[in-house]
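Undergrad: Below you'll find data.cif; it's mmCIF, C-alpha atoms and all ligand atoms.
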```
data_my_file
loop_
_atom_site.label_atom_id
_atom_site.label_comp_id
_atom_site.auth_asym_id
_atom_site.auth_seq_id
_atom_site.Cartn_x
_atom_site.Cartn_y
_atom_site.Cartn_z
CA MET A 509 -19.08 36.58 -37.43
CA LYS A 510 -19.67 40.10 -38.84
CA ALA A 511 -16.53 41.60 -40.44
CA GLN A 512 -15.22 44.63 -38.55
CA LYS A 513 -15.75 47.88 -40.47
CA LYS A 514 -13.17 50.65 -40.62
CA ILE A 515 -14.43 53.84 -38.91
CA ASN A 516 -14.37 56.85 -41.23
CA VAL A 517 -14.86 60.58 -40.80
CA SER A 518 -18.66 60.49 -41.33
CA HIS A 519 -19.05 58.37 -38.17
CA PHE A 520 -18.66 61.42 -35.91
CA LEU A 521 -21.30 63.63 -37.49
CA LYS A 522 -23.72 60.69 -37.52
CA LYS A 523 -23.12 60.17 -33.81
CA LYS A 524 -23.86 63.83 -33.06
CA GLU A 525 -27.03 63.69 -35.15
CA LYS A 526 -28.19 60.57 -33.29
CA GLY A 527 -27.29 62.09 -29.91
CA GLU A 528 -24.74 59.31 -29.22
CA LYS A 529 -21.62 60.24 -27.26
CA ILE A 530 -18.21 59.95 -28.95
CA VAL A 531 -15.54 58.09 -26.98
CA ALA A 532 -11.99 59.24 -27.66
CA LEU A 533 -8.76 58.31 -25.93
CA THR A 534 -5.05 58.89 -26.44
CA ALA A 535 -2.71 56.01 -27.25
CA TYR A 536 0.92 56.05 -28.25
CA ASP A 537 1.81 52.43 -29.01
CA ALA A 538 0.46 49.36 -30.82
CA PRO A 539 -0.60 47.13 -27.88
CA THR A 540 -2.52 49.91 -26.13
CA ALA A 541 -4.18 50.94 -29.39
CA LYS A 542 -5.26 47.31 -29.91
CA LEU A 543 -6.91 47.30 -26.48
CA ALA A 544 -8.64 50.64 -27.16
CA GLU A 545 -10.01 49.27 -30.43
CA GLU A 546 -11.22 46.07 -28.74
CA CYS A 547 -13.04 48.14 -26.10
CA GLY A 548 -15.00 50.23 -28.62
CA VAL A 549 -13.17 53.57 -28.53
CA ASP A 550 -14.40 55.66 -31.51
CA LEU A 551 -11.30 57.82 -32.01
CA ILE A 552 -7.70 57.26 -30.95
CA LEU A 553 -5.62 60.41 -30.61
CA VAL A 554 -1.85 60.09 -30.82
CA GLY A 555 -1.58 63.20 -28.69
CA ASP A 556 1.48 65.40 -28.38
CA SER A 557 0.87 64.66 -24.69
CA MET A 558 3.35 61.89 -25.60
CA GLY A 559 5.94 64.52 -24.64
CA MET A 560 5.01 63.94 -20.98
CA THR A 561 3.47 60.45 -21.05
CA MET A 562 6.12 58.72 -23.14
CA LEU A 563 9.18 60.89 -23.61
CA GLY A 564 9.88 62.43 -20.22
CA TYR A 565 9.49 66.08 -21.21
CA LYS A 566 7.83 68.67 -18.96
CA ASN A 567 5.41 69.88 -21.65
CA THR A 568 4.48 69.26 -25.30
CA ILE A 569 6.82 71.87 -26.85
CA PRO A 570 9.86 69.62 -27.50
CA VAL A 571 7.87 66.91 -29.35
CA THR A 572 9.04 66.59 -32.96
CA LEU A 573 7.25 65.58 -36.14
CA GLU A 574 9.43 62.46 -36.42
CA GLN A 575 8.52 61.35 -32.89
CA SER A 576 4.82 61.94 -33.53
CA LEU A 577 4.93 60.02 -36.85
CA HIS A 578 6.83 57.15 -35.23
CA HIS A 579 4.15 56.72 -32.52
CA SER A 580 1.29 57.29 -35.00
CA ALA A 581 2.53 54.47 -37.23
CA ALA A 582 2.77 52.16 -34.21
CA VAL A 583 -0.81 52.98 -33.20
CA ARG A 584 -1.99 52.23 -36.75
CA ARG A 585 -0.28 48.82 -36.64
CA GLY A 586 -2.14 48.03 -33.42
CA ALA A 587 -5.58 49.30 -34.44
CA GLU A 588 -6.38 48.59 -38.07
CA PHE A 589 -10.07 49.58 -37.93
CA SER A 590 -9.95 52.58 -35.60
CA PHE A 591 -10.11 56.22 -36.61
CA ILE A 592 -6.66 57.50 -35.65
CA VAL A 593 -5.74 61.19 -35.39
CA GLY A 594 -2.15 62.47 -35.28
CA ASP A 595 -1.56 65.56 -33.17
CA MET A 596 0.70 67.89 -35.15
CA PRO A 597 3.45 69.10 -32.80
CA PHE A 598 4.48 72.66 -32.01
CA MET A 599 5.76 74.59 -35.06
CA THR A 600 5.00 71.84 -37.57
CA TYR A 601 1.98 73.72 -39.01
CA GLN A 602 2.20 77.30 -37.71
CA ILE A 603 4.82 78.58 -40.18
CA SER A 604 2.70 78.45 -43.34
CA PRO A 605 -0.19 76.50 -44.86
CA GLU A 606 2.38 74.91 -47.22
CA GLN A 607 4.39 73.63 -44.25
CA ALA A 608 1.17 72.29 -42.68
CA MET A 609 0.20 70.54 -45.95
CA GLN A 610 3.59 68.88 -46.37
CA ASN A 611 3.74 67.70 -42.77
CA ALA A 612 0.07 66.61 -42.59
CA ALA A 613 0.53 64.49 -45.70
CA ARG A 614 3.16 62.43 -43.88
CA TYR A 615 0.57 61.33 -41.28
CA LEU A 616 -1.68 59.98 -44.04
CA GLN A 617 1.00 58.57 -46.35
CA GLU A 618 3.74 57.34 -43.99
CA ALA A 619 1.95 56.62 -40.71
CA MET A 620 -1.21 55.67 -42.66
CA ILE A 621 -3.55 57.24 -40.11
CA ASP A 622 -6.81 59.04 -40.78
CA ALA A 623 -6.61 62.69 -39.75
CA VAL A 624 -4.55 65.37 -38.03
CA LYS A 625 -5.27 67.71 -35.13
CA LEU A 626 -4.16 71.34 -35.00
CA GLU A 627 -4.44 73.72 -32.05
CA GLY A 628 -6.07 77.13 -32.56
CA GLY A 629 -9.34 78.80 -33.59
CA GLU A 630 -9.88 81.69 -36.00
CA LYS A 631 -6.13 82.14 -36.55
CA THR A 632 -5.70 78.52 -37.66
CA ALA A 633 -8.86 78.36 -39.77
CA SER A 634 -7.22 79.30 -43.10
CA THR A 635 -4.69 76.48 -42.68
CA VAL A 636 -7.49 74.06 -41.76
CA GLU A 637 -9.38 75.11 -44.89
CA ARG A 638 -6.33 74.44 -47.11
CA LEU A 639 -5.80 71.03 -45.52
CA VAL A 640 -9.42 69.96 -45.82
CA SER A 641 -9.71 71.16 -49.41
CA ALA A 642 -6.60 69.11 -50.22
CA GLY A 643 -8.23 66.00 -48.70
CA VAL A 644 -6.85 65.95 -45.16
CA PRO A 645 -9.48 65.43 -42.41
CA VAL A 646 -8.84 67.87 -39.55
CA LEU A 647 -9.80 67.76 -35.89
CA GLY A 648 -9.76 71.29 -34.42
CA HIS A 649 -8.69 72.14 -30.86
CA ILE A 650 -9.70 75.28 -28.94
CA GLY A 651 -9.82 76.48 -25.34
CA LEU A 652 -6.73 75.72 -23.30
CA LEU A 653 -3.92 75.29 -25.85
CA PRO A 654 -0.90 73.47 -24.40
CA GLN A 655 1.30 74.54 -27.35
CA ASN A 656 0.83 78.16 -26.18
CA ILE A 657 2.11 77.46 -22.66
CA LEU A 658 5.22 79.61 -23.08
CA THR A 659 3.23 82.70 -24.09
CA SER A 660 0.18 82.16 -21.87
CA GLY A 661 2.34 81.43 -18.81
CA GLY A 662 0.26 78.50 -17.55
CA TYR A 663 -2.62 76.12 -18.07
CA ARG A 664 -5.73 78.28 -17.50
CA ILE A 665 -9.39 77.37 -17.80
CA THR A 666 -11.09 79.31 -20.59
CA GLY A 667 -14.64 80.54 -21.13
CA LYS A 668 -15.22 81.83 -17.63
CA THR A 669 -16.58 85.19 -18.79
CA GLN A 670 -19.29 85.89 -21.37
CA ASP A 671 -16.71 87.68 -23.59
CA ASP A 672 -14.41 84.70 -23.54
CA ALA A 673 -17.29 82.30 -24.19
CA GLU A 674 -18.27 84.42 -27.21
CA ARG A 675 -14.66 84.34 -28.48
CA LEU A 676 -14.67 80.54 -28.18
CA VAL A 677 -17.94 80.26 -30.12
CA LYS A 678 -16.37 82.41 -32.89
CA ASP A 679 -13.25 80.22 -32.92
CA ALA A 680 -15.38 77.08 -33.18
CA LEU A 681 -17.57 78.47 -35.96
CA ALA A 682 -14.46 79.49 -37.94
CA LEU A 683 -13.13 75.92 -37.71
CA GLU A 684 -16.48 74.44 -38.67
CA LYS A 685 -16.65 76.75 -41.70
CA ALA A 686 -13.07 75.73 -42.62
CA GLY A 687 -14.18 72.09 -42.76
CA ALA A 688 -12.99 70.55 -39.47
CA PHE A 689 -14.92 67.32 -38.84
CA ALA A 690 -14.96 67.84 -35.03
CA ILE A 691 -13.37 70.08 -32.41
CA VAL A 692 -11.60 69.26 -29.15
CA LEU A 693 -12.62 71.65 -26.34
CA GLU A 694 -9.92 71.60 -23.69
CA GLY A 695 -9.97 73.29 -20.27
CA MET A 696 -13.22 75.20 -20.70
CA SER A 697 -16.02 76.09 -18.30
CA SER A 698 -18.90 73.64 -18.69
CA GLU A 699 -21.25 76.50 -19.61
CA ALA A 700 -19.00 77.82 -22.39
CA ALA A 701 -18.41 74.29 -23.75
CA ALA A 702 -22.17 73.65 -23.83
CA GLU A 703 -22.69 76.96 -25.63
CA VAL A 704 -20.03 76.11 -28.23
CA THR A 705 -21.52 72.63 -28.70
CA HIS A 706 -25.02 74.05 -29.13
CA ASN A 707 -23.82 76.45 -31.84
CA LEU A 708 -22.13 73.81 -34.01
CA LYS A 709 -23.32 71.18 -36.47
CA ILE A 710 -20.06 69.26 -36.08
CA PRO A 711 -19.36 67.44 -32.80
CA THR A 712 -17.30 68.70 -29.88
CA ILE A 713 -15.04 66.37 -27.92
CA GLY A 714 -14.25 67.67 -24.46
CA ILE A 715 -11.39 67.26 -22.01
CA GLY A 716 -11.95 69.27 -18.87
CA ALA A 717 -14.95 70.86 -20.58
CA GLY A 718 -17.85 69.28 -18.71
CA PRO A 719 -20.63 66.90 -19.70
CA GLY A 720 -22.29 69.09 -22.35
CA CYS A 721 -19.88 68.10 -25.15
CA ASP A 722 -20.77 65.56 -27.84
CA GLY A 723 -17.96 63.30 -26.69
CA GLN A 724 -15.05 63.03 -24.30
CA VAL A 725 -11.31 62.48 -24.74
CA GLN A 726 -8.85 61.55 -22.02
CA VAL A 727 -5.14 60.93 -21.75
CA ILE A 728 -4.87 57.17 -21.20
CA ASN A 729 -2.11 57.50 -18.58
CA ASP A 730 -4.50 59.48 -16.35
CA LEU A 731 -7.27 56.85 -16.64
CA LEU A 732 -4.94 53.97 -15.89
CA GLY A 733 -3.13 55.62 -12.99
CA LEU A 734 0.18 55.68 -14.85
CA PHE A 735 0.82 59.36 -14.09
CA THR A 736 1.95 59.35 -10.48
CA ASP A 737 2.47 63.03 -9.62
CA PHE A 738 -1.25 63.94 -9.30
CA VAL A 739 -4.67 63.21 -10.84
CA PRO A 740 -5.75 66.20 -12.97
CA LYS A 741 -9.20 67.51 -11.92
CA HIS A 742 -10.71 66.57 -15.30
CA ALA A 743 -9.55 62.95 -15.07
CA LYS A 744 -10.95 59.90 -13.33
CA LYS A 745 -8.51 57.18 -12.32
CA TYR A 746 -10.19 53.92 -13.40
CA CYS A 747 -7.35 51.75 -12.06
CA ASP A 748 -3.97 52.11 -10.39
CA LEU A 749 -1.51 50.49 -12.79
CA SER A 750 1.49 52.25 -11.23
CA SER A 751 0.91 50.36 -7.96
CA GLU A 752 0.42 47.08 -9.84
CA ILE A 753 3.63 47.63 -11.83
CA ARG A 754 5.56 48.55 -8.68
CA LYS A 755 4.31 45.37 -6.96
CA ALA A 756 5.30 43.18 -9.91
CA LEU A 757 8.74 44.76 -10.29
CA THR A 758 9.45 44.52 -6.58
CA ALA A 759 8.50 40.81 -6.62
CA TYR A 760 10.67 40.18 -9.71
CA THR A 761 13.63 42.01 -8.15
CA SER A 762 13.42 39.99 -4.97
CA ASP A 763 12.96 36.68 -6.87
CA VAL A 764 16.08 37.29 -8.97
CA LYS A 765 18.10 38.35 -5.93
CA ALA A 766 16.95 35.27 -4.01
CA GLY A 767 17.80 32.97 -6.94
CA VAL A 768 14.19 31.70 -7.25
CA PHE A 769 13.65 33.12 -10.74
CA PRO A 770 13.94 31.42 -13.17
CA GLY A 771 12.56 28.28 -11.54
CA PRO A 772 11.99 24.88 -13.15
CA ASP A 773 8.89 26.17 -15.03
CA GLN A 774 10.87 28.90 -16.80
CA SER A 775 13.94 26.78 -17.56
CA PHE A 776 14.74 24.54 -20.56
O1 LIG B 1 -2.07 65.80 -26.68
C1 LIG B 1 -3.15 65.39 -26.24
O2 LIG B 1 -3.26 64.33 -25.63
C2 LIG B 1 -4.31 66.23 -26.47
C3 LIG B 1 -5.55 65.93 -25.69
C4 LIG B 1 -5.37 66.45 -24.32
C5 LIG B 1 -6.76 66.43 -26.35
O3 LIG B 1 -4.25 67.15 -27.22
#
```
Could you write out this structure as structure tokens?
TA:
Amino acid sequence: MKAQKKINVSHFLKKKEKGEKIVALTAYDAPTAKLAEECGVDLILVGDSMGMTMLGYKNTIPVTLEQSLHHSAAVRRGAEFSFIVGDMPFMTYQISPEQAMQNAARYLQEAMIDAVKLEGGEKTASTVERLVSAGVPVLGHIGLLPQNILTSGGYRITGKTQDDAERLVKDALALEKAGAFAIVLEGMSSEAAAEVTHNLKIPTIGIGAGPGCDGQVQVINDLLGLFTDFVPKHAKKYCDLSSEIRKALTAYTSDVKAGVFPGPDQSF
């Protein structure tokens, strides 16, 4: 059997050059990361979406560096060969490039993952440049920026006008110049995302940014039907785990109440 090779940062540029789509997915724990690795996911993002998917917050703002590192280390333990990116939470890199360097190093040294993701375009580029020149691989993130929710007042699709599309291209080029190895395009009109993708040598990974990106990323809870309030327009529900879990828990509850669990098979 061929030994499994660890995915490294050059994998993504090669995929773009060959015209092969990049498959990215969020994960927040070891068993799910193991499954993602087994199924051939190229990049696992330990997203700050963990605020909603794992921690019960309403948005990503309250997520802390310690929480993100804790989940990133768990994902690493589950997926030894995958390329794992830690999503730096709100205010863990915005204060200064020095703060970003110190905090980013913890993802590589303590959680032992492969890269970090930062939200923001031109304004974040100087920090990205410092990180990359110090040896930290960076995934950029432009378009809809969930860490700006309190100032933007809502989750709005970007790139709907030519001016905005041009701004997004500038943001993307600034990140490419700063050394980002790829850029997440979130909540962007398909046309603008295709224009950004066309203008870059590095790959784009879209979420709610249409089919013209070099790859796609999704929040795993949306794909598995674990988020019960609604299905976001950009997501496709590949199964309905919430219903399956409800069925199993209802059956367990009634078995215990009826005294039929544990039965002879589960007893010593
Ligand atoms: O936190 C996250 O899961 C993300 C993706 C939506 C790209 O940033």
Undergrad: Give me, as CSV, the closest atom pair and its distance (Å, one decimal) for every residue of chain A within a cut-off of 7 Å of ligand LIG 1 (chain B), counting all atoms listed in the file, rows sorted by chain and rising number.
TA:
```
residue,atom,partner,partner_atom,distance
A:Thr534,CA,B:LIG1,O2,5.8
A:Leu553,CA,B:LIG1,O2,6.8
A:Val554,CA,B:LIG1,O2,6.8
A:Gly555,CA,B:LIG1,O1,3.3
A:Asp556,CA,B:LIG1,O1,4.0
A:Ser557,CA,B:LIG1,O1,3.7
A:Met558,CA,B:LIG1,O1,6.8
A:Asp595,CA,B:LIG1,O1,6.5
A:Val692,CA,B:LIG1,C5,6.3
A:Glu694,CA,B:LIG1,C5,6.6
A:Ile715,CA,B:LIG1,C5,6.4
A:Val725,CA,B:LIG1,C5,6.2
A:Gln726,CA,B:LIG1,C4,6.4
A:Val727,CA,B:LIG1,O2,5.5
```
Undergrad: Please return the centre and edge lengths, in Å to one decimal, of a box with edges along x, y and z that contains all listed atoms of segment 587-593 of chain A, widened by 8 Å on every side, as lines of an AutoDock Vina configuration file.
TA:
```
center_x = -7.8
center_y = 54.9
center_z = -36.3
size_x = 20.5
size_y = 28.6
size_z = 19.6
```
Undergrad: For a quick check of understanding, using all atoms listed in the file, which of A:Pro772, A:Leu639, A:Gly714, A:Gly628 has the smallest distance to Ala702 of chain A?
TA: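 For Ala702 of chain A, the nearest of the candidates is A:Gly714.
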Undergrad: Counting all atoms listed in the file, note down every residue that has an atom within 6 Å of the point (-5.6, 57.2, -9.0) (file coordinates), as a list in words.
TA: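 Neighbouring residues, ordered by chain and number, come to Gly733, Lys745 and Asp748 of chain A.
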Undergrad: In Å to one decimal, how far is atom CA of Ala680 of chain A from atom CA of Gln602 of chain A?
TA: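 Taking atom CA of Gln602 of chain A and atom CA of Ala680 of chain A, their separation equals 18.2 Å.
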Undergrad: Counting only C-alpha atoms, note down every residue that has an atom within 6 Å of the point (-19.1, 69.0, -21.8) (file coordinates), as a list in words.
TA: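 So the residues meeting the distance criterion are Ser698, Ala701, Ala702, Gly714, Ala717, Gly718, Pro719, Gly720 and Cys721 of chain A.
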Undergrad: Identify, on the basis of only C-alpha atoms, every residue whose closest approach to Asp722 of chain A does not exceed 7 Å; exclude the query and any residue fewer than 4 positions from it along the same chain; express the result as a PDB file with C-alpha atoms, in the coordinates of the input.
TA:
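Output file part_23.pdb follows:
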```pdb
ATOM      1  CA  LYS A 524     -23.860  63.830 -33.060  1.00  0.00           C
ATOM      2  CA  LYS A 529     -21.620  60.240 -27.260  1.00  0.00           C
ATOM      3  CA  ILE A 530     -18.210  59.950 -28.950  1.00  0.00           C
ATOM      4  CA  PRO A 711     -19.360  67.440 -32.800  1.00  0.00           C
ATOM      5  CA  THR A 712     -17.300  68.700 -29.880  1.00  0.00           C
ATOM      6  CA  ILE A 713     -15.040  66.370 -27.920  1.00  0.00           C
TER       7      ILE A 713
END
```
Undergrad: Find the spatial neighbours of Lys744 of chain A, counting all atoms listed in the file, within a cut-off of 10 Å - ignore same-chain residues fewer than 2 positions away - and output them as a VMD selection string.
TA: chain A and resid 726 730 to 733 739 to 742 746 to 747
